[in-house]
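For reference, the structure discussed in these notes is given below.
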Protein chains: 2
Amino acid sequence: VNKKHNTSGQKTREEILNRAVQIASVIGLEGITIGQLAKELSMSKSGLFGLFGSKEELQSAILQRAIEIFQQVVIVPIQILPINIKRFESIIENWLSYIENDTFEGGCIFISTSLEYDSRPGVIRDEMCQNASLGFEYLEQEARICLNPDAQPNDSGLKQLIFEIHSYLIGANLRYKLFNDRTVFDQARYAISKQLKFYVSQTNNKGRLES
Amino acid sequence: VNKKHNTSGQKTREEILNRAVQIASVIGLEGITIGQLAKELSMSKSGLFGLFGSKEELQSAILQRAIEIFQQVVIVPIQILPINIKRFESIIENWLSYIENDTFEGGCIFISTSLEYDSRPGVIRDEMCQNASLGFEYLEQEARICLNPDAQPNDSGLKQLIFEIHSYLIGANLRYKLFNDRTVFDQARYAISKQLKFYVSQTNNKGRLES
């Protein structure tokens, strides 16, 4: 047995997944193979198979680890904040910083895997969709409690606002990764601020918003 | 020689590429192989190799064919229109319809290949970036002549407008392909119309815009 390939016991599942998430953000979740990941981590293929069983289980575990990282960077820091417009602005700012600070080497892994799997039926697509649904529901729910608690859960103005803000986030991610152009973050911030002001001006909830 | 695999002479380069573009929009440009495409088209691998030489040449030819199709659907129909706001609105509407009407089975191939190649240096990434640059320049140029001919070529308001409109197009593409939800097209149309009105209200060019 090659000594170099015999160190699987030295890497934890989390260390392996942290590296795998970065690779998947660059080459895609479909491009990942257990053999290639084993080589990159100087582990044995059998060691990795022992941990993940199959390529699909590995892909699913990578997606779960990516969600945990995203939550730690974007969601956890705002959970202690009082419920007002600043809290909502902080979520969006954290989300933009998560892209701007290259949390994932290849850019937002959820955007790239969404486009990778949108036409590939299967377990990974289902997990991807469910995660994206939860993400949109979370954003809508935060927007409602922070910006307009009197709005109905299916308020079309709130859904419109979330569509627009989410579009800026993926627009910034795409142009930043394609052209390495950081001015898109200024454009995204300007657009987000404009839409938030527009939404707030349309609601009758001024007192709470200025608190 | 298997008879089924011996029909390469019967398909033109354009017919082959039309099918290849659809496949690439679903599984990605990197996932395409000459062997698999030959099987799908009931052609011999050697017949395809004779036409394209290498996987990279095939990928490049697919990208070029996709650009031609995009131009036929989105750009050519507006070129006869007089230069005013309606012309610009028509480009954006054609662009949105190109997504809504499933021109490519797997969604906008430029968005998915942008995210597929943004972190993969090489010829395909370079061609992708150049095409995207030309696309943004074209949109900016059309916005300028149609909405505000007095603006400087690098007008930041125009760049902001293009960032926002492009974001809605990719936002609609992503959510439509992920959730098969067509309400995103209404949300995109509403957002586009709102931003166009906002931009127009910021310019001093009302007379031309109302013409």
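The chains in the structure tokens are called A, B, ... from first to last as shown; in each chain the residues are counted from 1, and the ligands are counted from 1 in the order shown.
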Residues of range 39-207 of chain A in alpha helix (DSSP H), written as a VMD selection string: chain A and resid 39 to 40 45 to 52 55 to 70 85 to 100 109 to 117 123 to 147 156 to 179 183 to 202 206 to 207
Range 80-94 of chain A environment, 12 Å, only C-alpha atoms, sequence neighbours closer than 3 positions dropped, as an MDAnalysis selection string: chainID A and resid 70:77 97:101 103 135 138:149 162 164:169 185:186 188:197 199:200 205:211
Can you write out as JSON lines which residues of chain B fall within 6 Å of chain A, alongside each residue's closest atom pair and its distance in Å to one decimal, counting only C-alpha atoms and ordering rows by chain and ascending residue number?
{"residue": "B:Val26", "atom": "CA", "partner": "A:Ser119", "partner_atom": "CA", "distance": 5.4}
{"residue": "B:Gly106", "atom": "CA", "partner": "A:Ser119", "partner_atom": "CA", "distance": 5.6}
{"residue": "B:Ser112", "atom": "CA", "partner": "A:Leu115", "partner_atom": "CA", "distance": 5.6}
{"residue": "B:Leu115", "atom": "CA", "partner": "A:Ser112", "partner_atom": "CA", "distance": 5.6}
{"residue": "B:Asp118", "atom": "CA", "partner": "A:Leu178", "partner_atom": "CA", "distance": 5.1}
{"residue": "B:Ser119", "atom": "CA", "partner": "A:Val26", "partner_atom": "CA", "distance": 5.4}
{"residue": "B:Gln160", "atom": "CA", "partner": "A:Gln187", "partner_atom": "CA", "distance": 6.0}
{"residue": "B:Ser167", "atom": "CA", "partner": "A:Gly171", "partner_atom": "CA", "distance": 4.5}
{"residue": "B:Tyr168", "atom": "CA", "partner": "A:Ser167", "partner_atom": "CA", "distance": 5.4}
{"residue": "B:Gly171", "atom": "CA", "partner": "A:Ser167", "partner_atom": "CA", "distance": 4.5}
{"residue": "B:Lys177", "atom": "CA", "partner": "A:Asp118", "partner_atom": "CA", "distance": 5.6}
{"residue": "B:Leu178", "atom": "CA", "partner": "A:Asp118", "partner_atom": "CA", "distance": 5.1}
{"residue": "B:Gln187", "atom": "CA", "partner": "A:Gln160", "partner_atom": "CA", "distance": 6.0}
Output all heavy atoms for every residue in the selection just made, as a JSON list (two decimals), in the first residue's frame.
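Output below, filename selection.json:
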[["chain", "number", "residue", "atom", "x", "y", "z"],
["B", 26, "VAL", "N", -28.86, 21.27, -21.31],
["B", 26, "VAL", "CA", -29.37, 20.40, -20.24],
["B", 26, "VAL", "C", -28.24, 19.88, -19.36],
["B", 26, "VAL", "O", -28.28, 20.00, -18.13],
["B", 26, "VAL", "CB", -30.18, 19.21, -20.82],
["B", 26, "VAL", "CG1", -30.53, 18.19, -19.73],
["B", 26, "VAL", "CG2", -31.45, 19.71, -21.50],
["B", 106, "GLY", "N", -32.76, 23.28, -21.67],
["B", 106, "GLY", "CA", -32.23, 23.36, -20.31],
["B", 106, "GLY", "C", -32.16, 24.77, -19.77],
["B", 106, "GLY", "O", -31.52, 25.01, -18.76],
["B", 112, "SER", "N", -25.97, 29.29, -17.92],
["B", 112, "SER", "CA", -25.45, 28.05, -17.32],
["B", 112, "SER", "C", -23.98, 27.83, -17.66],
["B", 112, "SER", "O", -23.20, 27.44, -16.80],
["B", 112, "SER", "CB", -26.32, 26.84, -17.66],
["B", 112, "SER", "OG", -26.52, 26.74, -19.05],
["B", 115, "LEU", "N", -21.66, 30.06, -15.55],
["B", 115, "LEU", "CA", -21.40, 29.57, -14.20],
["B", 115, "LEU", "C", -20.59, 28.28, -14.23],
["B", 115, "LEU", "O", -19.85, 27.97, -13.30],
["B", 115, "LEU", "CB", -22.71, 29.38, -13.44],
["B", 115, "LEU", "CG", -23.28, 30.75, -13.04],
["B", 115, "LEU", "CD1", -24.79, 30.72, -12.95],
["B", 115, "LEU", "CD2", -22.68, 31.23, -11.73],
["B", 118, "ASP", "N", -16.84, 29.81, -15.22],
["B", 118, "ASP", "CA", -16.25, 31.03, -14.65],
["B", 118, "ASP", "C", -14.95, 30.74, -13.90],
["B", 118, "ASP", "O", -14.09, 31.61, -13.82],
["B", 118, "ASP", "CB", -17.27, 31.81, -13.80],
["B", 118, "ASP", "CG", -17.85, 31.01, -12.64],
["B", 118, "ASP", "OD1", -17.27, 29.98, -12.29],
["B", 118, "ASP", "OD2", -18.87, 31.45, -12.08],
["B", 119, "SER", "N", -14.79, 29.53, -13.37],
["B", 119, "SER", "CA", -13.56, 29.21, -12.64],
["B", 119, "SER", "C", -12.73, 28.15, -13.36],
["B", 119, "SER", "O", -11.88, 27.50, -12.75],
["B", 119, "SER", "CB", -13.91, 28.73, -11.22],
["B", 119, "SER", "OG", -14.76, 29.63, -10.57],
["B", 160, "GLN", "N", -25.94, 50.96, -14.40],
["B", 160, "GLN", "CA", -26.78, 50.48, -13.30],
["B", 160, "GLN", "C", -28.05, 49.84, -13.85],
["B", 160, "GLN", "O", -28.44, 48.74, -13.43],
["B", 160, "GLN", "CB", -27.13, 51.68, -12.39],
["B", 160, "GLN", "CG", -27.99, 51.32, -11.18],
["B", 160, "GLN", "CD", -27.22, 50.52, -10.14],
["B", 160, "GLN", "OE1", -26.02, 50.71, -9.93],
["B", 160, "GLN", "NE2", -27.90, 49.59, -9.49],
["B", 167, "SER", "N", -29.93, 41.28, -14.28],
["B", 167, "SER", "CA", -30.17, 40.48, -13.07],
["B", 167, "SER", "C", -31.57, 39.87, -13.08],
["B", 167, "SER", "O", -31.75, 38.70, -12.72],
["B", 167, "SER", "CB", -29.98, 41.34, -11.81],
["B", 167, "SER", "OG", -28.63, 41.72, -11.67],
["B", 168, "TYR", "N", -32.56, 40.63, -13.51],
["B", 168, "TYR", "CA", -33.93, 40.08, -13.56],
["B", 168, "TYR", "C", -34.01, 38.94, -14.57],
["B", 168, "TYR", "O", -34.72, 37.96, -14.34],
["B", 168, "TYR", "CB", -34.95, 41.16, -13.95],
["B", 168, "TYR", "CG", -34.94, 42.37, -13.05],
["B", 168, "TYR", "CD1", -35.12, 43.65, -13.57],
["B", 168, "TYR", "CD2", -34.72, 42.26, -11.68],
["B", 168, "TYR", "CE1", -35.10, 44.77, -12.77],
["B", 168, "TYR", "CE2", -34.69, 43.37, -10.86],
["B", 168, "TYR", "CZ", -34.88, 44.63, -11.41],
["B", 168, "TYR", "OH", -34.84, 45.74, -10.61],
["B", 171, "GLY", "N", -32.35, 36.05, -12.96],
["B", 171, "GLY", "CA", -33.18, 35.64, -11.82],
["B", 171, "GLY", "C", -34.40, 34.86, -12.28],
["B", 171, "GLY", "O", -34.75, 33.83, -11.70],
["B", 177, "LYS", "N", -36.40, 27.61, -14.13],
["B", 177, "LYS", "CA", -35.84, 26.28, -14.37],
["B", 177, "LYS", "C", -35.85, 25.43, -13.10],
["B", 177, "LYS", "O", -35.99, 24.22, -13.16],
["B", 177, "LYS", "CB", -34.41, 26.37, -14.91],
["B", 177, "LYS", "CG", -34.27, 27.01, -16.28],
["B", 177, "LYS", "CD", -35.27, 26.52, -17.29],
["B", 177, "LYS", "CE", -35.09, 25.06, -17.69],
["B", 177, "LYS", "NZ", -36.10, 24.65, -18.71],
["B", 178, "LEU", "N", -35.70, 26.07, -11.94],
["B", 178, "LEU", "CA", -35.62, 25.32, -10.69],
["B", 178, "LEU", "C", -37.00, 24.89, -10.21],
["B", 178, "LEU", "O", -37.18, 23.75, -9.77],
["B", 178, "LEU", "CB", -34.96, 26.22, -9.63],
["B", 178, "LEU", "CG", -34.16, 25.57, -8.52],
["B", 178, "LEU", "CD1", -33.16, 24.58, -9.07],
["B", 178, "LEU", "CD2", -33.44, 26.64, -7.71],
["B", 187, "GLN", "N", -43.06, 38.83, -12.52],
["B", 187, "GLN", "CA", -42.22, 39.61, -11.59],
["B", 187, "GLN", "C", -41.09, 40.31, -12.34],
["B", 187, "GLN", "O", -40.78, 41.47, -12.08],
["B", 187, "GLN", "CB", -41.65, 38.68, -10.51],
["B", 187, "GLN", "CG", -42.73, 38.17, -9.55],
["B", 187, "GLN", "CD", -42.21, 37.13, -8.58],
["B", 187, "GLN", "OE1", -41.34, 36.32, -8.91],
["B", 187, "GLN", "NE2", -42.75, 37.14, -7.37]]
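For the pair CA of Thr203 in chain A and CA of Ile78 in chain A, the interatomic distance is 23.7 Å.
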Selection near range 18-23 of chain A, 8 Å with only C-alpha atoms, sequence-local residues under 6 positions removed, as a PyMOL selection string: chain A and resi 32+37+62-63+65-66+104-106
Prev. selection, all heavy atoms, output as a short mmCIF file (atom, residue, chain, number, x, y, z; two decimals), in the first residue's frame:
data_model
loop_
_atom_site.label_atom_id
_atom_site.label_comp_id
_atom_site.auth_asym_id
_atom_site.auth_seq_id
_atom_site.Cartn_x
_atom_site.Cartn_y
_atom_site.Cartn_z
N ILE A 32 -17.31 16.26 -9.59
CA ILE A 32 -16.60 15.63 -8.46
C ILE A 32 -16.62 14.11 -8.60
O ILE A 32 -17.66 13.52 -8.87
CB ILE A 32 -17.33 15.99 -7.13
CG1 ILE A 32 -17.06 17.45 -6.74
CG2 ILE A 32 -16.96 15.05 -6.02
CD1 ILE A 32 -15.92 17.65 -5.80
N LEU A 37 -11.14 13.27 -5.66
CA LEU A 37 -11.12 13.88 -4.33
C LEU A 37 -10.09 13.17 -3.44
O LEU A 37 -9.35 13.82 -2.68
CB LEU A 37 -12.52 13.81 -3.71
CG LEU A 37 -12.72 14.52 -2.37
CD1 LEU A 37 -12.42 16.01 -2.48
CD2 LEU A 37 -14.14 14.31 -1.84
N ILE A 62 -21.77 17.16 0.49
CA ILE A 62 -21.13 18.43 0.11
C ILE A 62 -22.17 19.55 0.16
O ILE A 62 -21.93 20.63 0.69
CB ILE A 62 -20.51 18.33 -1.31
CG1 ILE A 62 -19.30 17.40 -1.30
CG2 ILE A 62 -20.11 19.72 -1.82
CD1 ILE A 62 -18.75 17.07 -2.68
N LEU A 63 -23.34 19.27 -0.40
CA LEU A 63 -24.41 20.27 -0.40
C LEU A 63 -24.80 20.64 1.03
O LEU A 63 -24.95 21.83 1.37
CB LEU A 63 -25.62 19.69 -1.16
CG LEU A 63 -26.67 20.65 -1.68
CD1 LEU A 63 -26.06 21.76 -2.50
CD2 LEU A 63 -27.68 19.88 -2.53
N ARG A 65 -22.92 20.42 3.72
CA ARG A 65 -21.83 21.18 4.34
C ARG A 65 -21.85 22.63 3.83
O ARG A 65 -21.62 23.57 4.60
CB ARG A 65 -20.48 20.51 4.03
CG ARG A 65 -19.27 21.19 4.63
CD ARG A 65 -19.25 21.12 6.17
NE ARG A 65 -18.31 22.06 6.74
CZ ARG A 65 -18.60 22.90 7.72
NH1 ARG A 65 -19.78 22.91 8.30
NH2 ARG A 65 -17.69 23.75 8.17
N ALA A 66 -22.14 22.80 2.53
CA ALA A 66 -22.21 24.15 1.96
C ALA A 66 -23.32 24.96 2.63
O ALA A 66 -23.14 26.14 2.94
CB ALA A 66 -22.45 24.08 0.45
N PHE A 104 -16.74 30.72 -1.16
CA PHE A 104 -16.47 29.53 -1.99
C PHE A 104 -15.63 29.99 -3.19
O PHE A 104 -16.00 30.94 -3.89
CB PHE A 104 -17.77 28.87 -2.45
CG PHE A 104 -18.60 28.33 -1.31
CD1 PHE A 104 -19.91 28.76 -1.12
CD2 PHE A 104 -18.07 27.42 -0.42
CE1 PHE A 104 -20.67 28.26 -0.06
CE2 PHE A 104 -18.82 26.91 0.65
CZ PHE A 104 -20.13 27.35 0.82
N GLU A 105 -14.50 29.31 -3.41
CA GLU A 105 -13.54 29.72 -4.44
C GLU A 105 -14.19 29.96 -5.80
O GLU A 105 -13.84 30.87 -6.52
CB GLU A 105 -12.46 28.64 -4.63
CG GLU A 105 -11.48 28.55 -3.48
CD GLU A 105 -10.63 27.26 -3.55
OE1 GLU A 105 -10.47 26.71 -4.65
OE2 GLU A 105 -10.15 26.83 -2.49
N GLY A 106 -15.14 29.08 -6.15
CA GLY A 106 -15.74 29.17 -7.49
C GLY A 106 -17.00 30.01 -7.52
O GLY A 106 -17.74 29.96 -8.50
#
